[in-house]
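To be precise, the following lines are upload.txt, and they hold compact mmCIF, C-alpha atoms.
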# COMPACT_ATOMS: atom_id res chain seq x y z
CA VAL N 1 -8.51 7.69 -19.91
CA SER N 2 -7.79 4.84 -17.59
CA THR N 3 -5.06 5.49 -15.01
CA MET N 4 -4.15 1.84 -14.62
CA THR N 5 -0.69 0.77 -15.70
CA PRO N 6 -0.86 -0.27 -19.36
CA PRO N 7 0.77 -3.54 -20.38
CA PRO N 8 4.37 -3.24 -21.63
CA ARG N 9 4.65 -2.70 -25.39
CA SER N 10 7.51 -3.72 -27.58
CA ALA N 11 9.30 -1.07 -29.60
CA ALA N 12 8.13 -2.67 -32.86
CA ASP N 13 4.45 -2.18 -32.07
CA PRO N 14 2.93 0.97 -33.54
CA PRO N 15 1.34 3.30 -30.95
CA SER N 16 -2.38 2.60 -30.84
CA ALA N 17 -4.94 5.30 -30.16
CA PRO N 18 -6.65 4.90 -26.77
CA VAL N 19 -10.24 3.73 -27.02
CA ILE N 20 -12.38 5.93 -24.79
CA THR N 21 -15.34 4.07 -23.37
CA TRP N 22 -18.28 5.59 -21.53
CA ARG N 23 -16.67 4.39 -18.31
CA ASP N 24 -13.50 6.36 -19.12
CA ALA N 25 -15.63 9.38 -19.92
CA ILE N 26 -17.20 9.46 -16.47
CA THR N 27 -14.20 8.42 -14.35
CA PRO N 28 -13.50 11.19 -11.80
CA LEU N 29 -9.77 11.87 -11.61
CA THR N 30 -9.67 14.97 -9.42
CA ARG N 31 -10.19 14.86 -5.69
CA ALA N 32 -12.97 17.47 -5.87
CA SER N 33 -14.89 15.40 -8.39
CA ARG N 34 -14.44 12.18 -6.43
CA ARG N 35 -15.70 13.91 -3.30
CA ARG N 36 -18.79 15.13 -5.14
CA TRP N 37 -19.61 11.59 -6.26
CA ALA N 38 -18.82 10.11 -2.84
CA VAL N 39 -21.43 12.43 -1.34
CA CYS N 40 -23.81 11.65 -4.20
CA TYR N 41 -23.53 7.92 -3.52
CA ALA N 42 -24.32 8.41 0.17
CA LEU N 43 -27.37 10.48 -0.78
CA LEU N 44 -28.51 7.80 -3.22
CA LEU N 45 -28.25 5.16 -0.48
CA ALA N 46 -30.27 7.34 1.90
CA LEU N 47 -32.91 7.89 -0.80
CA LEU N 48 -32.99 4.17 -1.51
CA ALA N 49 -33.57 3.46 2.18
CA ALA N 50 -36.29 6.14 2.34
CA CYS N 51 -38.08 4.48 -0.60
CA VAL N 52 -38.03 1.14 1.20
CA VAL N 53 -39.21 2.31 4.63
CA ASP N 54 -41.58 5.13 3.66
CA ASP N 55 -44.53 4.21 1.47
CA SER N 56 -45.14 7.85 0.52
CA ILE N 57 -41.72 7.99 -1.23
CA GLY N 58 -41.04 5.96 -4.33
CA MET N 59 -43.07 4.49 -7.12
CA ASN N 60 -46.33 2.67 -6.67
CA ASP N 61 -45.92 -0.13 -9.18
CA GLN N 62 -42.28 -0.99 -8.52
CA LEU N 63 -40.66 -3.57 -6.26
CA ALA N 64 -40.58 -2.04 -2.76
CA GLY N 65 -41.32 1.32 -4.42
CA ILE N 66 -37.76 1.59 -5.75
CA PRO N 67 -37.42 3.29 -9.15
CA THR N 68 -34.96 1.72 -11.60
CA ILE N 69 -32.69 4.77 -11.45
CA LEU N 70 -32.14 4.23 -7.71
CA ILE N 71 -30.92 0.70 -8.43
CA VAL N 72 -28.77 1.53 -11.45
CA ALA N 73 -27.30 4.90 -10.39
CA PRO N 74 -25.60 3.63 -7.19
CA LEU N 75 -23.97 0.85 -9.22
CA ILE N 76 -22.68 3.33 -11.79
CA VAL N 77 -21.50 5.84 -9.17
CA MET N 78 -19.76 3.06 -7.27
CA GLY N 79 -18.04 2.04 -10.51
CA MET N 80 -16.96 5.64 -11.07
CA LEU N 81 -15.44 5.84 -7.60
CA ARG N 82 -13.69 2.50 -7.96
CA ARG N 83 -12.16 3.49 -11.30
CA GLY N 84 -11.32 6.94 -9.93
CA THR N 85 -9.33 5.29 -7.15
CA ARG N 86 -7.76 2.70 -9.49
CA ARG N 87 -9.62 -0.08 -7.60
CA ILE N 88 -7.02 0.11 -4.86
CA THR N 89 -9.53 -1.17 -2.30
CA ALA N 90 -9.88 -4.50 -4.12
CA LEU N 91 -8.33 -7.01 -1.76
CA ASP N 92 -7.03 -9.20 -4.61
CA HIS N 93 -5.49 -6.34 -6.62
CA PRO N 94 -2.25 -7.72 -8.11
CA ASP N 95 -0.42 -4.47 -8.95
CA LEU N 96 -0.30 -2.38 -5.80
CA ASP N 97 2.90 -0.68 -4.77
CA GLU N 98 3.82 0.45 -1.25
CA ARG N 99 1.89 3.72 -1.52
CA ASP N 100 -1.25 2.00 -2.83
CA ILE N 101 -1.15 -0.62 -0.07
CA GLU N 102 -0.73 2.06 2.58
CA ALA N 103 -3.60 4.11 1.11
CA ARG N 104 -5.82 1.02 1.03
CA ASN N 105 -4.99 0.02 4.62
CA SER N 106 -5.61 3.55 5.80
CA ALA N 107 -8.98 3.65 4.00
CA TYR N 108 -10.09 0.41 5.67
CA ARG N 109 -8.96 1.65 9.08
CA ILE N 110 -11.06 4.81 8.71
CA ALA N 111 -14.01 2.99 7.16
CA LEU N 112 -14.39 0.55 10.06
CA PRO N 113 -15.51 3.05 12.75
CA LEU N 114 -17.65 4.83 10.16
CA LEU N 115 -19.39 1.55 9.41
CA ALA N 116 -20.00 1.04 13.12
CA LEU N 117 -21.62 4.49 13.24
CA VAL N 118 -23.81 3.69 10.23
CA ALA N 119 -24.88 0.38 11.78
CA ILE N 120 -25.75 2.05 15.08
CA ALA N 121 -27.63 4.82 13.25
CA GLY N 122 -29.55 2.19 11.30
CA LEU N 123 -30.50 0.33 14.46
CA VAL N 124 -31.59 3.55 16.20
CA LEU N 125 -33.67 4.69 13.20
CA LEU N 126 -35.27 1.26 13.01
CA ALA N 127 -36.09 1.36 16.73
CA VAL N 128 -37.56 4.85 16.44
CA GLY N 129 -39.53 3.98 13.31
CA LEU N 130 -41.02 0.72 14.51
CA PRO N 131 -44.37 1.00 16.31
CA ASP N 132 -44.58 0.03 19.95
CA ILE N 133 -46.66 -3.16 20.08
CA ALA N 134 -48.60 -4.28 23.17
CA HIS N 135 -48.39 -8.06 23.37
CA SER N 136 -51.05 -9.58 25.68
CA THR N 137 -51.05 -13.16 26.82
CA HIS N 138 -54.00 -14.90 28.48
CA LEU N 139 -52.57 -17.38 30.89
CA PRO N 140 -54.01 -20.91 31.01
CA PRO N 141 -56.13 -22.12 33.96
CA PRO N 142 -56.15 -21.71 36.87
CA ASP N 143 -54.90 -18.10 36.13
CA GLN N 144 -57.05 -17.73 32.99
CA HIS N 145 -58.42 -14.35 33.96
CA TYR N 146 -54.97 -12.89 34.41
CA VAL N 147 -53.65 -11.16 31.29
CA GLN N 148 -49.95 -10.60 30.96
CA THR N 149 -49.11 -7.58 28.79
CA ARG N 150 -45.70 -6.72 27.40
CA HIS N 151 -44.64 -3.76 25.28
CA GLY N 152 -41.94 -3.80 22.62
CA TRP N 153 -41.03 -3.71 18.92
CA PHE N 154 -42.49 -6.10 16.44
CA LEU N 155 -39.58 -6.78 14.11
CA GLN N 156 -40.50 -8.59 10.90
CA SER N 157 -38.22 -10.29 8.41
CA ASP N 158 -38.60 -7.36 5.96
CA GLU N 159 -37.12 -4.93 8.47
CA LEU N 160 -34.29 -7.30 9.32
CA LEU N 161 -33.53 -7.82 5.63
CA GLY N 162 -33.59 -4.06 5.05
CA LEU N 163 -31.21 -3.45 7.95
CA GLY N 164 -28.86 -6.13 6.67
CA LEU N 165 -28.89 -4.63 3.17
CA TRP N 166 -28.36 -1.12 4.57
CA ILE N 167 -25.28 -2.18 6.53
CA GLY N 168 -24.02 -4.37 3.69
CA LEU N 169 -24.25 -1.60 1.08
CA TRP N 170 -22.38 0.80 3.36
CA ALA N 171 -19.76 -1.86 4.12
CA ILE N 172 -19.09 -2.26 0.39
CA TYR N 173 -19.05 1.49 -0.20
CA LEU N 174 -17.15 2.96 2.74
CA PRO N 175 -13.56 1.85 2.00
CA THR N 176 -13.87 3.10 -1.58
CA GLY N 177 -15.67 6.25 -0.42
CA VAL N 178 -12.96 7.05 2.13
CA LEU N 179 -10.25 6.47 -0.45
CA ALA N 180 -12.07 8.62 -3.00
CA TRP N 181 -12.26 11.38 -0.39
CA ARG N 182 -8.59 11.22 0.58
CA GLU N 183 -6.64 10.42 -2.58
CA PRO N 184 -4.88 13.36 -4.26
CA ASP N 185 -5.70 14.46 -7.79
CA ALA N 186 -4.60 11.96 -10.40
CA LEU N 187 -1.69 13.12 -12.49
CA GLU N 188 -1.96 14.46 -15.98
CA PRO N 189 -0.59 11.83 -18.34
CA ASP N 190 2.81 12.40 -19.97
CA SER N 191 1.20 12.16 -23.40
CA ASP N 192 -0.78 14.98 -24.98
CA SER N 193 -4.24 13.65 -24.21
CA ARG N 194 -7.26 15.85 -23.61
CA ARG N 195 -10.23 15.25 -21.38
CA LEU N 196 -13.55 16.83 -20.78
CA PRO N 197 -13.13 18.97 -17.63
CA ASP N 198 -14.35 17.13 -14.54
CA ALA N 199 -16.52 20.06 -13.46
CA VAL N 200 -18.40 20.10 -16.80
CA ARG N 201 -18.80 16.33 -16.77
CA ASP N 202 -20.04 16.35 -13.18
CA ALA N 203 -22.51 19.14 -13.91
CA VAL N 204 -24.03 17.30 -16.89
CA LEU N 205 -24.18 13.92 -15.17
CA GLY N 206 -25.34 15.34 -11.84
CA PHE N 207 -28.12 17.32 -13.49
CA ALA N 208 -29.24 14.27 -15.47
CA LEU N 209 -29.22 12.13 -12.33
CA ALA N 210 -31.21 14.69 -10.33
CA ALA N 211 -33.72 15.07 -13.18
CA SER N 212 -34.00 11.31 -13.53
CA VAL N 213 -34.66 10.79 -9.80
CA ALA N 214 -37.14 13.70 -9.73
CA ILE N 215 -39.09 12.34 -12.72
CA SER N 216 -39.17 8.88 -11.17
CA LEU N 217 -40.31 10.01 -7.72
CA ILE N 218 -42.54 13.00 -8.52
CA ALA N 219 -44.06 11.96 -11.85
CA ASN N 220 -44.09 8.31 -10.75
CA SER N 221 -42.59 7.30 -14.08
CA ASP N 222 -39.58 5.14 -14.81
CA GLY N 223 -38.95 7.22 -17.94
CA GLY N 224 -36.55 9.32 -15.91
CA PHE N 225 -34.07 6.47 -16.12
CA TRP N 226 -33.59 7.14 -19.83
CA VAL N 227 -32.58 10.74 -19.12
CA PHE N 228 -29.62 9.37 -17.18
CA VAL N 229 -28.77 6.89 -19.92
CA ALA N 230 -28.92 9.68 -22.52
CA ALA N 231 -26.48 11.74 -20.42
CA LEU N 232 -24.05 8.82 -20.30
CA VAL N 233 -24.20 8.42 -24.08
CA LEU N 234 -23.74 12.17 -24.55
CA LEU N 235 -20.72 12.28 -22.24
CA ALA N 236 -19.11 9.31 -23.98
CA LYS N 237 -19.50 11.04 -27.37
CA LEU N 238 -18.21 14.34 -25.99
CA ALA N 239 -15.19 12.60 -24.45
CA ARG N 240 -14.36 10.90 -27.75
CA ARG N 241 -14.73 14.16 -29.65
CA THR N 242 -12.58 16.04 -27.11
CA SER N 243 -9.80 13.46 -27.36
CA GLN N 244 -9.81 13.36 -31.19
CA PRO N 245 -7.26 16.17 -31.77
CA ALA N 246 -4.92 14.62 -29.21
CA ILE N 247 -5.20 11.19 -30.81
CA ALA N 248 -4.61 12.69 -34.25
CA HIS N 249 -1.57 14.53 -32.86
CA GLN N 250 -0.19 11.30 -31.40
CA ARG N 251 -0.57 9.51 -34.76
CA LYS N 252 1.52 12.13 -36.62
CA MET E 1 6.78 2.20 4.82
CA GLY E 2 6.30 5.70 3.43
CA ARG E 3 3.40 7.94 4.20
CA LYS E 4 1.71 11.12 3.18
CA PRO E 5 3.37 14.17 4.74
CA ARG E 6 1.06 15.81 7.29
CA ASP E 7 2.39 19.34 6.95
CA ALA E 8 4.69 21.36 4.80
CA GLY E 9 7.32 21.63 7.55
CA ARG E 10 7.95 17.88 7.53
CA ARG E 11 7.89 17.51 3.79
CA ILE E 12 10.68 15.61 2.08
CA HIS E 13 11.84 17.51 -0.99
CA ASN E 14 13.22 15.71 -4.02
CA ARG E 15 14.89 16.29 -7.36
CA LEU E 16 13.03 13.56 -9.22
CA PRO E 17 11.56 15.85 -11.91
CA VAL E 18 15.03 17.25 -12.70
CA LEU E 19 16.68 13.83 -12.71
CA ARG E 20 13.91 12.46 -14.87
CA ALA E 21 14.20 15.35 -17.31
CA GLU E 22 17.99 15.02 -17.49
CA ARG E 23 17.65 11.39 -18.50
CA ASP E 24 14.61 11.99 -20.72
CA LEU E 25 12.59 9.48 -18.73
CA SER E 26 8.82 9.35 -18.66
CA ARG E 27 7.04 8.64 -15.38
CA GLN E 28 5.95 5.36 -16.91
CA ARG E 29 9.52 4.27 -17.68
CA LEU E 30 10.83 5.25 -14.28
CA ALA E 31 7.92 3.54 -12.57
CA GLU E 32 8.56 0.31 -14.47
CA ALA E 33 12.25 0.48 -13.60
CA ILE E 34 11.65 0.70 -9.86
CA SER E 35 8.45 -1.40 -9.79
CA VAL E 36 5.90 1.17 -8.67
CA ASN E 37 2.80 2.69 -10.20
CA PRO E 38 3.37 5.75 -12.44
CA GLN E 39 0.94 7.65 -10.22
CA THR E 40 3.28 7.06 -7.28
CA ILE E 41 6.15 8.72 -9.18
CA GLY E 42 3.90 11.71 -9.74
CA TYR E 43 2.82 11.83 -6.08
CA LEU E 44 6.50 11.71 -5.05
CA GLU E 45 7.36 14.56 -7.41
CA ARG E 46 4.42 16.62 -6.20
CA GLY E 47 5.33 16.02 -2.56
CA ASP E 48 2.04 14.22 -1.89
CA TYR E 49 3.93 11.16 -0.72
CA SER E 50 7.17 10.55 1.15
CA PRO E 51 8.92 7.33 0.09
CA SER E 52 9.89 4.47 2.33
CA LEU E 53 13.58 3.83 2.86
CA GLU E 54 13.29 0.84 0.52
CA LEU E 55 11.87 2.97 -2.30
CA ALA E 56 14.42 5.72 -1.66
CA PHE E 57 17.23 3.16 -1.99
CA ARG E 58 15.72 1.80 -5.21
CA LEU E 59 15.65 5.31 -6.68
CA SER E 60 19.17 5.95 -5.45
CA GLU E 61 20.45 2.78 -7.13
CA PHE E 62 18.55 3.53 -10.33
CA PHE E 63 19.96 7.06 -10.67
CA ASP E 64 23.36 5.97 -9.29
CA LEU E 65 23.30 8.86 -6.83
CA PRO E 66 23.40 9.01 -3.04
CA ILE E 67 20.00 9.33 -1.38
CA GLU E 68 20.81 12.83 -0.13
CA ALA E 69 21.34 13.94 -3.74
CA ILE E 70 17.75 12.95 -4.51
CA PHE E 71 15.90 13.68 -1.25
CA ALA E 72 16.40 16.43 1.29
CA ARG E 73 14.64 18.06 4.25
CA GLU E 74 15.24 21.51 2.77
CA PRO E 75 14.22 22.58 -0.74
CA PHE E 76 16.93 22.12 -3.35
CA ALA E 77 18.46 25.33 -4.67
CA PRO E 78 17.60 25.97 -8.33
CA THR E 79 20.36 24.84 -10.68
CA THR E 80 20.46 28.29 -12.29
CA ARG E 81 21.34 29.92 -8.95
CA ARG E 82 24.22 27.53 -8.42
CA THR E 83 25.64 27.94 -11.90
CA SER E 84 25.15 31.71 -12.15
CA SER E 85 27.04 32.61 -8.95
CA PRO E 86 29.74 35.26 -9.57
CA PRO E 87 33.28 33.97 -10.16
CA LYS E 88 35.69 34.23 -7.24
CA GLU E 89 38.22 37.03 -7.19
CA PRO E 90 41.74 35.86 -8.05
CA THR E 91 44.01 35.95 -5.03
Translate this structure into structure tokens?
Amino acid sequence: VSTMTPPPRSAADPPSAPVITWRDAITPLTRASRRRWAVCYALLLALLAACVVDDSIGMNDQLAGIPTILIVAPLIVMGMLRRGTRRITALDHPDLDERDIEARNSAYRIALPLLALVAIAGLVLLAVGLPDIAHSTHLPPPDQHYVQTRHGWFLQSDELLGLGLWIGLWAIYLPTGVLAWREPDALEPDSDSRRLPDAVRDAVLGFALAASVAISLIANSDGGFWVFVAALVLLAKLARRTSQPAIAHQRK
Amino acid sequence: MGRKPRDAGRRIHNRLPVLRAERDLSRQRLAEAISVNPQTIGYLERGDYSPSLELAFRLSEFFDLPIEAIFAREPFAPTTRRTSSPPKEPT
């Protein structure tokens, strides 16, 4: 169930049952769960980068060898983390109180040096991975027999684009990731609402994600993506079923 | 501006859960009254967050109590201990 502040309701309005969407079903509210998904997102980014730079990893017939699940899953996990932290890191968030603003500022302060580390690591890995190219130049007459040779990296636009994307994706993720790591457990709501335990939800979704990635990379089939989608549908249905008694109780 | 307490020794204790229960207030209602997020009320009650002076004053005005009746360096004594103390001997 969303932790955002609901709009004020007049006393005349009857209490409406909360509608549980698939996004609500997978929102991590405990710190332990958020930390699991923060680590998962970092692993997904690393796997995404490996698919781009290493031809032996990834799918043969896909764009840059990237399976669909490695494009969709980071978006979904990022959404989970943002909802789990009540989107506090959004710079244009209208409803932040003093604690939220302090938590957001603190997250950005910590994320900045981490981003610098990621950028440096990316540059170092790129430098190590690029082949050393010998560049020879035949000088024009009268020194035409003299060949000037230089050694160095041959950096193409693909590598530059990849590095930019790598740093950009981490820049988007890190403030939310830091906040997800540091924020305390969300509070149980005052009302009698029930939720699927975070550990169960994480186990189901994590297993489906791992299976999906494995099918995509090992079997070279994009069918693994549908395993992940099926898990999302299953969790949404389970969450609705789990909340039914509570909703019925609230209606009485 | 408030901050998260770093260790238990510097924690600010509060009587918000008791005051809220006495007035039959939900976290949501209290949060709306003092213009904060309901989660912040919960973090205050749990000791995960120490309020700023501004927020402490807002709570003090809302409950019509002095700040030291709501927040303290030392844990508040349970109400039952205070009310169940033996009566004084007549002199």
So how many Å separate atom CA of N:Leu205 and atom CA of N:Ala25, to one decimal?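 Atom CA of N:Leu205 sits 10.8 Å away from atom CA of N:Ala25.
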Just give me the gap between atom CA of N:Leu48 and atom CA of N:Arg23 in Å, one decimal is fine.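 Value for the atom CA of N:Leu48-atom CA of N:Arg23 distance: 23.4 Å.
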All residues 10 Å or closer to E:Phe76, all atoms listed in the file, same chain fewer than 4 positions away omitted, as a list of chain:residue names: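 Selected residues are E:His13, E:Asn14, E:Arg15, E:Ala69, E:Ile70, E:Phe71, E:Ala72.
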Expected file: the selected residues, C-alpha atoms, as a compact mmCIF listing (two decimals), in the frame of the given file:
# COMPACT_ATOMS: atom_id res chain seq x y z
CA HIS E 13 11.84 17.51 -0.99
CA ASN E 14 13.22 15.71 -4.02
CA ARG E 15 14.89 16.29 -7.36
CA ALA E 69 21.34 13.94 -3.74
CA ILE E 70 17.75 12.95 -4.51
CA PHE E 71 15.90 13.68 -1.25
CA ALA E 72 16.40 16.43 1.29
Closest to chain E among N:Leu75, N:Ile57, N:Leu47, N:Arg182, using all atoms listed in the file?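 Ranked by minimum distance to chain E, first place goes to N:Arg182.
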Atom CA of N:Pro175 and atom CA of N:Arg201, how far apart in Å?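 These atoms are spaced 24.3 Å apart.
Of the listed residues E:Tyr49, E:Leu19, E:Glu68, E:Leu30, the one whose atoms come nearest to chain N is E:Tyr49, with distances taken using only C-alpha atoms.
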